[in-house]
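Structure file entry07.cif with mmCIF, C-alpha atoms:
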```cif
data_model
#
loop_
_atom_site.group_PDB
_atom_site.id
_atom_site.type_symbol
_atom_site.label_atom_id
_atom_site.label_comp_id
_atom_site.auth_asym_id
_atom_site.auth_seq_id
_atom_site.Cartn_x
_atom_site.Cartn_y
_atom_site.Cartn_z
ATOM 1 C CA MET A 1 -0.691 21.412 -9.327
ATOM 2 C CA SER A 2 -1.604 19.067 -12.141
ATOM 3 C CA ASP A 3 -4.690 17.017 -12.402
ATOM 4 C CA ILE A 4 -6.209 14.455 -14.681
ATOM 5 C CA THR A 5 -7.535 16.988 -17.216
ATOM 6 C CA GLU A 6 -3.980 17.944 -18.168
ATOM 7 C CA LEU A 7 -2.988 14.403 -19.092
ATOM 8 C CA ASP A 8 -3.026 13.512 -22.764
ATOM 9 C CA GLU A 9 -3.903 10.112 -24.180
ATOM 10 C CA LEU A 10 -0.315 8.872 -24.103
ATOM 11 C CA ASP A 11 0.063 9.911 -20.452
ATOM 12 C CA LYS A 12 -3.052 7.941 -19.599
ATOM 13 C CA LYS A 13 -1.849 4.897 -21.518
ATOM 14 C CA ILE A 14 1.495 5.116 -19.727
ATOM 15 C CA ILE A 15 -0.150 5.362 -16.300
ATOM 16 C CA ASN A 16 -2.411 2.403 -17.050
ATOM 17 C CA GLU A 17 0.287 0.245 -18.617
ATOM 18 C CA LEU A 18 3.030 0.896 -16.065
ATOM 19 C CA GLN A 19 0.764 -0.276 -13.257
ATOM 20 C CA ARG A 20 1.185 -3.747 -14.733
ATOM 21 C CA ASP A 21 4.444 -5.660 -14.479
ATOM 22 C CA PHE A 22 7.408 -3.687 -15.768
ATOM 23 C CA PRO A 23 9.793 -6.061 -17.523
ATOM 24 C CA VAL A 24 13.064 -7.276 -16.038
ATOM 25 C CA CYS A 25 15.363 -7.198 -19.076
ATOM 26 C CA ASP A 26 18.230 -5.123 -20.447
ATOM 27 C CA HIS A 27 16.083 -2.403 -22.041
ATOM 28 C CA PRO A 28 12.774 -2.469 -20.150
ATOM 29 C CA PHE A 29 11.713 1.039 -21.191
ATOM 30 C CA ALA A 30 12.235 0.108 -24.840
ATOM 31 C CA VAL A 31 10.020 -2.966 -24.404
ATOM 32 C CA ALA A 32 7.317 -0.973 -22.605
ATOM 33 C CA ALA A 33 7.587 1.880 -25.139
ATOM 34 C CA GLU A 34 6.982 -0.465 -28.041
ATOM 35 C CA GLN A 35 3.756 -1.670 -26.434
ATOM 36 C CA LEU A 36 2.703 1.925 -25.888
ATOM 37 C CA GLY A 37 3.525 2.981 -29.430
ATOM 38 C CA THR A 38 6.208 5.467 -28.451
ATOM 39 C CA THR A 39 9.965 5.631 -28.143
ATOM 40 C CA GLN A 40 12.144 4.688 -25.197
ATOM 41 C CA GLU A 41 13.376 8.287 -24.862
ATOM 42 C CA ASN A 42 9.875 9.710 -24.911
ATOM 43 C CA LEU A 43 8.630 7.168 -22.362
ATOM 44 C CA ILE A 44 11.474 7.926 -19.950
ATOM 45 C CA ALA A 45 10.861 11.672 -20.325
ATOM 46 C CA ARG A 46 7.136 11.217 -19.712
ATOM 47 C CA VAL A 47 7.677 9.061 -16.618
ATOM 48 C CA LYS A 48 10.091 11.670 -15.243
ATOM 49 C CA ARG A 49 7.486 14.371 -15.812
ATOM 50 C CA LEU A 50 4.708 12.312 -14.182
ATOM 51 C CA MET A 51 6.965 11.729 -11.181
ATOM 52 C CA ASP A 52 7.907 15.432 -10.996
ATOM 53 C CA GLU A 53 4.238 16.392 -11.110
ATOM 54 C CA LYS A 54 3.529 13.797 -8.404
ATOM 55 C CA ILE A 55 0.956 12.062 -10.561
ATOM 56 C CA LEU A 56 3.075 8.965 -9.984
ATOM 57 C CA THR A 57 4.341 8.617 -6.423
ATOM 58 C CA ARG A 58 6.725 5.731 -7.078
ATOM 59 C CA PHE A 59 8.275 3.808 -9.910
ATOM 60 C CA GLY A 60 10.125 0.619 -9.101
ATOM 61 C CA PRO A 61 9.849 -2.621 -7.149
ATOM 62 C CA LEU A 62 7.016 -2.670 -4.605
ATOM 63 C CA PHE A 63 8.107 -4.684 -1.623
ATOM 64 C CA ASN A 64 5.771 -6.745 0.487
ATOM 65 C CA ALA A 65 6.386 -5.249 3.927
ATOM 66 C CA ASP A 66 5.250 -8.295 5.855
ATOM 67 C CA ARG A 67 7.785 -10.611 4.235
ATOM 68 C CA PHE A 68 10.590 -8.949 6.141
ATOM 69 C CA GLY A 69 10.158 -10.469 9.600
ATOM 70 C CA GLY A 70 9.170 -7.391 11.576
ATOM 71 C CA GLY A 71 5.978 -6.454 13.340
ATOM 72 C CA LEU A 72 3.205 -4.908 11.268
ATOM 73 C CA SER A 73 -0.257 -4.010 12.452
ATOM 74 C CA LEU A 74 -3.235 -1.713 12.035
ATOM 75 C CA CYS A 75 -4.195 -0.058 15.315
ATOM 76 C CA ALA A 76 -7.092 2.142 16.371
ATOM 77 C CA ILE A 77 -7.806 4.466 19.287
ATOM 78 C CA ALA A 78 -11.018 6.219 20.348
ATOM 79 C CA VAL A 79 -9.638 9.677 21.079
ATOM 80 C CA PRO A 80 -11.784 12.261 22.888
ATOM 81 C CA GLU A 81 -12.288 15.145 20.409
ATOM 82 C CA GLU A 82 -10.863 17.761 22.744
ATOM 83 C CA ASP A 83 -7.624 15.781 23.146
ATOM 84 C CA PHE A 84 -7.247 14.882 19.484
ATOM 85 C CA ASP A 85 -4.348 17.159 18.565
ATOM 86 C CA ALA A 86 -2.373 16.360 21.711
ATOM 87 C CA VAL A 87 -2.832 12.610 21.205
ATOM 88 C CA THR A 88 -1.903 12.936 17.530
ATOM 89 C CA GLU A 89 1.350 14.587 18.518
ATOM 90 C CA LYS A 90 2.159 11.839 21.036
ATOM 91 C CA VAL A 91 1.310 8.984 18.661
ATOM 92 C CA ASN A 92 3.085 10.497 15.652
ATOM 93 C CA ALA A 93 6.228 10.989 17.732
ATOM 94 C CA PHE A 94 6.761 7.217 17.643
ATOM 95 C CA PRO A 95 8.973 6.446 14.626
ATOM 96 C CA GLN A 96 7.248 3.047 14.419
ATOM 97 C CA VAL A 97 4.036 4.802 13.335
ATOM 98 C CA ALA A 98 4.188 4.678 9.536
ATOM 99 C CA HIS A 99 0.777 6.066 8.601
ATOM 100 C CA ASN A 100 -1.880 7.693 10.719
ATOM 101 C CA TYR A 101 -5.376 8.725 9.611
ATOM 102 C CA GLN A 102 -8.249 10.478 11.301
ATOM 103 C CA ARG A 103 -11.522 8.704 10.479
ATOM 104 C CA ASP A 104 -15.161 9.591 11.033
ATOM 105 C CA HIS A 105 -16.005 7.007 13.695
ATOM 106 C CA GLU A 106 -15.842 6.678 17.471
ATOM 107 C CA LEU A 107 -12.555 4.900 16.762
ATOM 108 C CA ASN A 108 -11.254 8.073 15.175
ATOM 109 C CA MET A 109 -7.511 7.449 14.970
ATOM 110 C CA TRP A 110 -6.141 4.625 12.781
ATOM 111 C CA PHE A 111 -2.457 4.016 12.341
ATOM 112 C CA VAL A 112 -0.065 1.420 10.970
ATOM 113 C CA LEU A 113 2.766 0.288 13.240
ATOM 114 C CA ALA A 114 5.868 -1.187 11.631
ATOM 115 C CA THR A 115 8.629 -2.463 13.896
ATOM 116 C CA GLU A 116 11.889 -4.307 13.469
ATOM 117 C CA THR A 117 10.738 -7.261 15.577
ATOM 118 C CA PRO A 118 7.370 -8.648 16.657
ATOM 119 C CA ALA A 119 8.348 -8.010 20.306
ATOM 120 C CA GLU A 120 8.965 -4.345 19.558
ATOM 121 C CA LEU A 121 5.386 -4.088 18.277
ATOM 122 C CA ASP A 122 4.012 -5.130 21.670
ATOM 123 C CA GLU A 123 6.391 -2.788 23.486
ATOM 124 C CA THR A 124 5.358 0.095 21.242
ATOM 125 C CA LEU A 125 1.664 -0.604 21.823
ATOM 126 C CA GLU A 126 2.242 -0.523 25.562
ATOM 127 C CA ALA A 127 4.265 2.675 25.319
ATOM 128 C CA ILE A 128 1.524 4.369 23.276
ATOM 129 C CA GLU A 129 -1.096 3.298 25.799
ATOM 130 C CA ALA A 130 1.051 4.541 28.678
ATOM 131 C CA GLY A 131 1.791 7.824 26.911
ATOM 132 C CA THR A 132 -1.787 8.599 25.918
ATOM 133 C CA GLY A 133 -3.744 6.899 28.697
ATOM 134 C CA LEU A 134 -5.962 5.427 25.992
ATOM 135 C CA MET A 135 -6.622 1.846 24.929
ATOM 136 C CA VAL A 136 -5.055 0.843 21.625
ATOM 137 C CA ARG A 137 -6.903 -1.787 19.619
ATOM 138 C CA ASN A 138 -4.368 -3.928 17.856
ATOM 139 C CA MET A 139 -5.768 -5.412 14.635
ATOM 140 C CA PRO A 140 -2.981 -7.264 12.859
ATOM 141 C CA LYS A 141 -4.118 -8.927 9.682
ATOM 142 C CA LEU A 142 -5.057 -12.550 10.212
ATOM 143 C CA GLN A 143 -5.231 -13.149 6.498
ATOM 144 C CA GLU A 144 -4.669 -11.141 3.334
ATOM 145 C CA PHE A 145 -7.176 -11.752 0.577
ATOM 146 C CA TYR A 146 -5.996 -9.067 -1.805
ATOM 147 C CA VAL A 147 -3.551 -6.167 -1.959
ATOM 148 C CA GLY A 148 -3.263 -4.024 -5.033
ATOM 149 C CA LEU A 149 -5.183 -1.581 -7.065
ATOM 150 C CA HIS A 150 -5.147 -0.689 -10.656
ATOM 151 C CA PHE A 151 -6.363 2.847 -11.223
ATOM 152 C CA GLU A 152 -7.549 2.807 -14.801
ATOM 153 C CA ILE A 153 -7.900 6.266 -16.326
ATOM 154 C CA MET B 1 -9.199 -4.091 -13.920
ATOM 155 C CA LYS B 2 -6.955 -5.742 -11.373
ATOM 156 C CA SER B 3 -3.278 -6.316 -11.322
ATOM 157 C CA GLU B 4 -0.851 -7.345 -8.634
ATOM 158 C CA ALA B 5 -0.172 -3.885 -7.391
ATOM 159 C CA ASN B 6 0.700 -2.611 -3.979
ATOM 160 C CA THR B 7 -0.336 0.798 -2.877
ATOM 161 C CA GLN B 8 1.693 0.602 0.285
ATOM 162 C CA THR B 9 4.487 3.101 0.190
ATOM 163 C CA MET B 10 7.930 2.541 1.531
ATOM 164 C CA GLY B 11 8.932 5.572 3.498
ATOM 165 C CA ASP B 12 10.725 6.251 6.712
ATOM 166 C CA SER B 13 10.128 3.833 9.539
ATOM 167 C CA ASN B 14 12.125 0.683 9.816
ATOM 168 C CA LEU B 15 11.631 -2.941 8.973
ATOM 169 C CA PRO B 16 14.513 -5.334 9.292
ATOM 170 C CA LEU B 17 15.948 -7.561 6.650
ATOM 171 C CA GLU B 18 15.581 -11.149 7.688
ATOM 172 C CA GLY B 19 17.995 -14.030 7.405
ATOM 173 C CA THR B 20 16.228 -15.200 4.252
ATOM 174 C CA HIS B 21 17.833 -12.401 2.285
ATOM 175 C CA THR B 22 21.214 -12.853 0.783
ATOM 176 C CA PRO B 23 23.465 -9.849 1.406
ATOM 177 C CA LEU B 24 23.038 -9.032 -2.280
ATOM 178 C CA ASP B 25 19.223 -9.073 -1.961
ATOM 179 C CA ARG B 26 19.587 -6.645 0.896
ATOM 180 C CA ASP B 27 21.758 -4.336 -1.200
ATOM 181 C CA ILE B 28 19.296 -4.543 -4.102
ATOM 182 C CA ILE B 29 16.387 -3.695 -1.802
ATOM 183 C CA LEU B 30 18.246 -0.727 -0.348
ATOM 184 C CA ALA B 31 19.237 0.460 -3.826
ATOM 185 C CA THR B 32 15.745 0.233 -5.306
ATOM 186 C CA GLN B 33 13.238 0.920 -2.558
ATOM 187 C CA SER B 34 13.071 4.584 -3.402
ATOM 188 C CA GLY B 35 12.607 3.697 -7.073
ATOM 189 C CA LEU B 36 14.308 2.488 -10.246
ATOM 190 C CA PRO B 37 16.621 4.889 -12.077
ATOM 191 C CA LEU B 38 14.759 6.437 -15.018
ATOM 192 C CA VAL B 39 17.357 5.533 -17.636
ATOM 193 C CA ALA B 40 17.408 3.222 -20.650
ATOM 194 C CA GLU B 41 19.189 0.446 -18.716
ATOM 195 C CA PRO B 42 18.012 0.798 -15.107
ATOM 196 C CA TYR B 43 19.126 -2.680 -14.022
ATOM 197 C CA GLN B 44 22.581 -2.090 -15.490
ATOM 198 C CA GLN B 45 22.853 1.116 -13.471
ATOM 199 C CA ILE B 46 21.995 -0.768 -10.260
ATOM 200 C CA ALA B 47 24.497 -3.469 -11.175
ATOM 201 C CA ASP B 48 27.219 -0.861 -11.709
ATOM 202 C CA GLN B 49 26.356 0.771 -8.411
ATOM 203 C CA LEU B 50 26.608 -2.563 -6.562
ATOM 204 C CA GLY B 51 29.579 -3.840 -8.542
ATOM 205 C CA VAL B 52 27.938 -7.001 -9.879
ATOM 206 C CA ASP B 53 26.895 -8.300 -13.271
ATOM 207 C CA VAL B 54 23.492 -7.178 -14.504
ATOM 208 C CA SER B 55 22.417 -10.792 -15.021
ATOM 209 C CA VAL B 56 22.673 -11.312 -11.250
ATOM 210 C CA ILE B 57 20.484 -8.267 -10.566
ATOM 211 C CA LYS B 58 17.834 -9.520 -12.998
ATOM 212 C CA GLU B 59 17.994 -13.005 -11.510
ATOM 213 C CA ARG B 60 17.593 -11.771 -7.899
ATOM 214 C CA LEU B 61 14.723 -9.396 -8.778
ATOM 215 C CA THR B 62 12.936 -12.239 -10.560
ATOM 216 C CA ALA B 63 13.510 -14.523 -7.561
ATOM 217 C CA MET B 64 12.092 -11.910 -5.180
ATOM 218 C CA GLN B 65 9.058 -11.475 -7.429
ATOM 219 C CA GLN B 66 8.530 -15.225 -7.409
ATOM 220 C CA ASP B 67 8.784 -15.626 -3.634
ATOM 221 C CA GLY B 68 6.532 -12.626 -3.028
ATOM 222 C CA ARG B 69 9.020 -10.230 -1.440
ATOM 223 C CA ILE B 70 8.404 -8.012 -4.461
ATOM 224 C CA ARG B 71 4.708 -7.723 -5.251
ATOM 225 C CA ARG B 72 5.406 -6.194 -8.636
ATOM 226 C CA ILE B 73 7.674 -3.739 -10.401
ATOM 227 C CA GLY B 74 5.951 -0.679 -11.776
ATOM 228 C CA ALA B 75 4.287 2.639 -11.136
ATOM 229 C CA VAL B 76 2.160 3.739 -8.210
ATOM 230 C CA PRO B 77 -0.141 6.603 -9.161
ATOM 231 C CA ASN B 78 -1.291 9.236 -6.707
ATOM 232 C CA HIS B 79 -4.930 8.251 -6.751
ATOM 233 C CA TYR B 80 -6.065 11.650 -5.491
ATOM 234 C CA LYS B 81 -4.507 13.263 -8.575
ATOM 235 C CA LEU B 82 -6.264 10.739 -10.810
ATOM 236 C CA GLY B 83 -9.579 11.879 -9.393
ATOM 237 C CA TYR B 84 -10.140 9.092 -6.859
ATOM 238 C CA THR B 85 -10.845 11.315 -3.882
ATOM 239 C CA GLY B 86 -13.422 9.102 -2.171
ATOM 240 C CA ASN B 87 -11.549 6.508 -0.143
ATOM 241 C CA GLY B 88 -13.413 4.552 2.474
ATOM 242 C CA MET B 89 -12.393 1.727 4.773
ATOM 243 C CA SER B 90 -15.404 -0.566 4.620
ATOM 244 C CA VAL B 91 -15.699 -3.027 7.495
ATOM 245 C CA TRP B 92 -17.956 -6.073 7.634
ATOM 246 C CA ASP B 93 -19.153 -8.547 10.210
ATOM 247 C CA VAL B 94 -19.315 -11.933 8.519
ATOM 248 C CA PRO B 95 -19.287 -15.462 9.964
ATOM 249 C CA ASP B 96 -15.723 -16.584 10.732
ATOM 250 C CA ASP B 97 -16.335 -19.985 9.176
ATOM 251 C CA GLN B 98 -17.215 -18.332 5.838
ATOM 252 C CA ILE B 99 -14.527 -15.689 5.806
ATOM 253 C CA GLN B 100 -12.162 -17.420 3.424
ATOM 254 C CA ALA B 101 -14.654 -17.603 0.565
ATOM 255 C CA LEU B 102 -16.212 -14.221 1.333
ATOM 256 C CA GLY B 103 -12.845 -12.479 1.656
ATOM 257 C CA GLU B 104 -11.664 -13.829 -1.670
ATOM 258 C CA MET B 105 -14.911 -12.765 -3.313
ATOM 259 C CA VAL B 106 -14.692 -9.205 -1.968
ATOM 260 C CA GLY B 107 -10.964 -8.992 -2.702
ATOM 261 C CA ASN B 108 -11.683 -9.823 -6.330
ATOM 262 C CA LEU B 109 -13.847 -6.732 -6.832
ATOM 263 C CA SER B 110 -12.127 -4.227 -9.098
ATOM 264 C CA PHE B 111 -12.607 -1.264 -6.758
ATOM 265 C CA VAL B 112 -11.180 -2.966 -3.642
ATOM 266 C CA SER B 113 -7.486 -2.220 -3.122
ATOM 267 C CA HIS B 114 -6.823 -4.062 0.130
ATOM 268 C CA CYS B 115 -8.874 -6.839 1.700
ATOM 269 C CA TYR B 116 -7.983 -8.411 5.042
ATOM 270 C CA HIS B 117 -9.321 -10.601 7.811
ATOM 271 C CA ARG B 118 -8.654 -8.808 11.120
ATOM 272 C CA PRO B 119 -9.622 -9.611 14.726
ATOM 273 C CA ARG B 120 -12.886 -8.369 16.248
ATOM 274 C CA PHE B 121 -13.039 -6.449 19.537
ATOM 275 C CA LEU B 122 -16.311 -7.458 21.113
ATOM 276 C CA PRO B 123 -18.709 -6.164 22.112
ATOM 277 C CA ASP B 124 -18.353 -2.865 20.278
ATOM 278 C CA TRP B 125 -16.193 -3.698 17.248
ATOM 279 C CA THR B 126 -17.817 -6.668 15.563
ATOM 280 C CA TYR B 127 -16.150 -6.297 12.156
ATOM 281 C CA ASN B 128 -13.746 -8.962 10.951
ATOM 282 C CA LEU B 129 -13.461 -8.226 7.215
ATOM 283 C CA PHE B 130 -11.803 -5.011 6.007
ATOM 284 C CA ALA B 131 -11.983 -3.785 2.398
ATOM 285 C CA MET B 132 -10.580 -0.454 1.191
ATOM 286 C CA VAL B 133 -12.922 0.981 -1.435
ATOM 287 C CA HIS B 134 -11.931 3.738 -3.835
ATOM 288 C CA GLY B 135 -14.211 6.029 -5.798
ATOM 289 C CA ARG B 136 -14.282 9.462 -7.383
ATOM 290 C CA ASN B 137 -16.426 10.718 -4.473
ATOM 291 C CA ARG B 138 -18.170 9.435 -1.355
ATOM 292 C CA ASP B 139 -21.377 8.585 -3.186
ATOM 293 C CA GLU B 140 -19.424 6.316 -5.495
ATOM 294 C CA VAL B 141 -17.927 4.597 -2.433
ATOM 295 C CA PHE B 142 -21.388 4.126 -0.895
ATOM 296 C CA GLU B 143 -22.616 2.665 -4.177
ATOM 297 C CA LYS B 144 -19.681 0.248 -4.305
ATOM 298 C CA ALA B 145 -20.203 -0.737 -0.659
ATOM 299 C CA LYS B 146 -23.790 -1.559 -1.638
ATOM 300 C CA GLN B 147 -22.396 -3.970 -4.208
ATOM 301 C CA ILE B 148 -20.302 -5.639 -1.501
ATOM 302 C CA GLU B 149 -23.363 -5.863 0.730
ATOM 303 C CA GLU B 150 -25.333 -7.538 -2.044
ATOM 304 C CA LEU B 151 -22.476 -9.891 -2.765
ATOM 305 C CA LEU B 152 -22.214 -10.918 0.901
ATOM 306 C CA GLY B 153 -25.980 -11.308 1.087
ATOM 307 C CA GLU B 154 -27.212 -13.068 4.201
ATOM 308 C CA HIS B 155 -23.629 -13.427 5.445
ATOM 309 C CA CYS B 156 -23.410 -9.680 6.081
ATOM 310 C CA ARG B 157 -24.527 -9.155 9.687
ATOM 311 C CA ALA B 158 -23.384 -5.532 9.997
ATOM 312 C CA HIS B 159 -21.145 -3.105 8.180
ATOM 313 C CA ASP B 160 -19.800 0.437 8.257
ATOM 314 C CA ILE B 161 -17.638 2.715 6.121
ATOM 315 C CA LEU B 162 -14.957 4.832 7.779
ATOM 316 C CA PHE B 163 -13.835 7.731 5.603
ATOM 317 C CA SER B 164 -10.534 9.365 6.328
ATOM 318 C CA THR B 165 -11.014 12.985 7.295
ATOM 319 C CA ARG B 166 -7.342 13.880 7.724
ATOM 320 C CA ILE B 167 -3.945 12.362 7.020
ATOM 321 C CA LEU B 168 -2.120 12.728 10.331
ATOM 322 C CA LYS B 169 1.128 11.072 9.252
ATOM 323 C CA LYS B 170 2.347 9.340 6.114
ATOM 324 C CA THR B 171 5.990 8.418 6.249
ATOM 325 C CA GLY B 172 5.514 4.843 5.115
ATOM 326 C CA ILE B 173 7.612 1.795 5.785
ATOM 327 C CA ARG B 174 11.286 1.590 4.964
ATOM 328 C CA ILE B 175 13.070 -1.720 4.820
ATOM 329 C CA GLY B 176 16.461 -2.399 6.359
ATOM 330 C CA ALA B 177 17.407 1.182 7.062
#
```
Now, as a test, write the supplied structure out as structure tokens.
Amino acid sequence: MSDITELDELDKKIINELQRDFPVCDHPFAVAAEQLGTTQENLIARVKRLMDEKILTRFGPLFNADRFGGGLSLCAIAVPEEDFDAVTEKVNAFPQVAHNYQRDHELNMWFVLATETPAELDETLEAIEAGTGLMVRNMPKLQEFYVGLHFEI
Amino acid sequence: MKSEANTQTMGDSNLPLEGTHTPLDRDIILATQSGLPLVAEPYQQIADQLGVDVSVIKERLTAMQQDGRIRRIGAVPNHYKLGYTGNGMSVWDVPDDQIQALGEMVGNLSFVSHCYHRPRFLPDWTYNLFAMVHGRNRDEVFEKAKQIEELLGEHCRAHDILFSTRILKKTGIRIGA
């Protein structure tokens, strides 16, 4: 397992720089490499290594999930502690559940539902409520003020 | 420092491709959603794969960036591996008639990765503004939440920070599978 202490200065520059817009042109790695003061070959090798070591989780276009016409929402359930594992299993079994986190609050289960249609979102909410016997709070975003994060290292 | 990044991963559940996509856009999305090829001419490789000219690939990617279907092209670091292990969902109760200005202000803070207006569930869930805050530990997140509280000033009626204690599932969202 790698961590930040094993990254050299060029790795850090690469991680910082590649979080900005990667160019759309014939030789984008060559363009980015020039800005970083390295070669195209070295940059590609470094990015491969950072991906292999899971320091980068993705490299490519980042799509805006809610521009694709489906249902998308953040949902929360207050799960009794003693039932937590059983409810987790039931909720996670729905393929529409994309992420699920336990959080330190009375509303202790928070998950993102992503469905092919808005109607399927409502059906899935009802099915989760029926399956768990618990109320699901549906909190779709009403407005997005900002999405993104630049981790400078 | 902020940039137009998206930390949302694209994984395994399904989102459809709407009528607004040309069939080629759909093919480009399917070919690139797991990442760009790490080669000198990545767009050429996609073009070869799809049997079109590279200029068309570049043109469609640029169009999707402009209309917002692509937030950006670039790298997503694993923030845990970069030392950002404190990640809290801060939630705020602010007046609905002020939320536009307040949401933009909070969203502009460098340590906020996602900032949304979401519905309240009264009486027990009064929060309508959500801001994900990242720090190297919980204390750093508390300190940053304090900055948000000061920024909101008298408009902040209540707030909380929900730390994740366990990842229960993380398959992400896959488009047009």
Would you write out, as a ChimeraX atom specification, every residue that the PyMOL selection byres ((chain A and resi 59) around 10) captures in this file?
-> /A:18-19,22,47-48,51,56-58,60-62 /B:32-38,73-77
Can you spell out as a PDB file with C-alpha atoms, in the frame of the given file the set of residues that the PyMOL selection byres ((chain A) within 6 of (chain B)) selects in the structure I just provided?
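As a result, result.pdb now contains:
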```pdb
ATOM      1  CA  ASP A   3      -4.690  17.017 -12.402  1.00  0.00           C
ATOM      2  CA  ILE A   4      -6.209  14.455 -14.681  1.00  0.00           C
ATOM      3  CA  LEU A  18       3.030   0.896 -16.065  1.00  0.00           C
ATOM      4  CA  GLN A  19       0.764  -0.276 -13.257  1.00  0.00           C
ATOM      5  CA  ASP A  21       4.444  -5.660 -14.479  1.00  0.00           C
ATOM      6  CA  PHE A  22       7.408  -3.687 -15.768  1.00  0.00           C
ATOM      7  CA  ASP A  26      18.230  -5.123 -20.447  1.00  0.00           C
ATOM      8  CA  HIS A  27      16.083  -2.403 -22.041  1.00  0.00           C
ATOM      9  CA  ILE A  55       0.956  12.062 -10.561  1.00  0.00           C
ATOM     10  CA  LEU A  56       3.075   8.965  -9.984  1.00  0.00           C
ATOM     11  CA  THR A  57       4.341   8.617  -6.423  1.00  0.00           C
ATOM     12  CA  ARG A  58       6.725   5.731  -7.078  1.00  0.00           C
ATOM     13  CA  PHE A  59       8.275   3.808  -9.910  1.00  0.00           C
ATOM     14  CA  GLY A  60      10.125   0.619  -9.101  1.00  0.00           C
ATOM     15  CA  PRO A  61       9.849  -2.621  -7.149  1.00  0.00           C
ATOM     16  CA  LEU A  62       7.016  -2.670  -4.605  1.00  0.00           C
ATOM     17  CA  PHE A  63       8.107  -4.684  -1.623  1.00  0.00           C
ATOM     18  CA  ASN A  64       5.771  -6.745   0.487  1.00  0.00           C
ATOM     19  CA  ARG A  67       7.785 -10.611   4.235  1.00  0.00           C
ATOM     20  CA  PHE A  68      10.590  -8.949   6.141  1.00  0.00           C
ATOM     21  CA  GLY A  69      10.158 -10.469   9.600  1.00  0.00           C
ATOM     22  CA  GLY A  70       9.170  -7.391  11.576  1.00  0.00           C
ATOM     23  CA  PRO A  95       8.973   6.446  14.626  1.00  0.00           C
ATOM     24  CA  GLN A  96       7.248   3.047  14.419  1.00  0.00           C
ATOM     25  CA  ALA A  98       4.188   4.678   9.536  1.00  0.00           C
ATOM     26  CA  HIS A  99       0.777   6.066   8.601  1.00  0.00           C
ATOM     27  CA  ASN A 100      -1.880   7.693  10.719  1.00  0.00           C
ATOM     28  CA  TYR A 101      -5.376   8.725   9.611  1.00  0.00           C
ATOM     29  CA  GLN A 102      -8.249  10.478  11.301  1.00  0.00           C
ATOM     30  CA  ARG A 103     -11.522   8.704  10.479  1.00  0.00           C
ATOM     31  CA  ASP A 104     -15.161   9.591  11.033  1.00  0.00           C
ATOM     32  CA  THR A 115       8.629  -2.463  13.896  1.00  0.00           C
ATOM     33  CA  GLU A 116      11.889  -4.307  13.469  1.00  0.00           C
ATOM     34  CA  MET A 139      -5.768  -5.412  14.635  1.00  0.00           C
ATOM     35  CA  LYS A 141      -4.118  -8.927   9.682  1.00  0.00           C
ATOM     36  CA  LEU A 142      -5.057 -12.550  10.212  1.00  0.00           C
ATOM     37  CA  GLN A 143      -5.231 -13.149   6.498  1.00  0.00           C
ATOM     38  CA  GLU A 144      -4.669 -11.141   3.334  1.00  0.00           C
ATOM     39  CA  PHE A 145      -7.176 -11.752   0.577  1.00  0.00           C
ATOM     40  CA  TYR A 146      -5.996  -9.067  -1.805  1.00  0.00           C
ATOM     41  CA  VAL A 147      -3.551  -6.167  -1.959  1.00  0.00           C
ATOM     42  CA  GLY A 148      -3.263  -4.024  -5.033  1.00  0.00           C
ATOM     43  CA  LEU A 149      -5.183  -1.581  -7.065  1.00  0.00           C
ATOM     44  CA  HIS A 150      -5.147  -0.689 -10.656  1.00  0.00           C
TER      45      HIS A 150
END
```
Expected answer as a PDB file with C-alpha atoms, keeping the file's coordinate frame: all residues with atoms within 6 Å of (-4.4, -0.6, 11.7), only C-alpha atoms:
```pdb
ATOM      1  CA  SER A  73      -0.257  -4.010  12.452  1.00  0.00           C
ATOM      2  CA  LEU A  74      -3.235  -1.713  12.035  1.00  0.00           C
ATOM      3  CA  CYS A  75      -4.195  -0.058  15.315  1.00  0.00           C
ATOM      4  CA  TRP A 110      -6.141   4.625  12.781  1.00  0.00           C
ATOM      5  CA  PHE A 111      -2.457   4.016  12.341  1.00  0.00           C
ATOM      6  CA  VAL A 112      -0.065   1.420  10.970  1.00  0.00           C
ATOM      7  CA  MET A 139      -5.768  -5.412  14.635  1.00  0.00           C
TER       8      MET A 139
END
```
Do you have the CA of Thr132 in chain A-CA of Glu89 in chain A distance handy?
-> 10.0 Å
Considering only C-alpha atoms, return as a list of chain:residue names whatever protein or nucleic-acid residues lie within 12 Å of Ala86 in chain A, sequence-local ones (same chain, fewer than 4 positions apart) excluded.
-> A:Val79, A:Pro80, A:Glu81, A:Glu82, A:Lys90, A:Val91, A:Asn92, A:Ala93, A:Gly131, A:Thr132, A:Gly133, B:Leu168
I need the chosen residues saved as a CSV table (one decimal), keeping the file's coordinate frame, with C-alpha atoms.
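Generated file (out.csv):
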```csv
chain,number,residue,atom,x,y,z
A,79,VAL,CA,-9.6,9.7,21.1
A,80,PRO,CA,-11.8,12.3,22.9
A,81,GLU,CA,-12.3,15.1,20.4
A,82,GLU,CA,-10.9,17.8,22.7
A,90,LYS,CA,2.2,11.8,21.0
A,91,VAL,CA,1.3,9.0,18.7
A,92,ASN,CA,3.1,10.5,15.7
A,93,ALA,CA,6.2,11.0,17.7
A,131,GLY,CA,1.8,7.8,26.9
A,132,THR,CA,-1.8,8.6,25.9
A,133,GLY,CA,-3.7,6.9,28.7
B,168,LEU,CA,-2.1,12.7,10.3
```
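One distance worth recording is that between CA of Leu113 in chain A and CA of Leu72 in chain A, which is 5.6 Å.
Taking CA of Phe151 in chain A and CA of Ser90 in chain B as endpoints, the distance between them is 18.6 Å.
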Run the PyMOL selection byres ((chain A and resi 135) around 10) against the file shown and list the residues it catches, as number ranges by chain.
-> A: 76-79, 125-126, 128-130, 132-134, 136-138
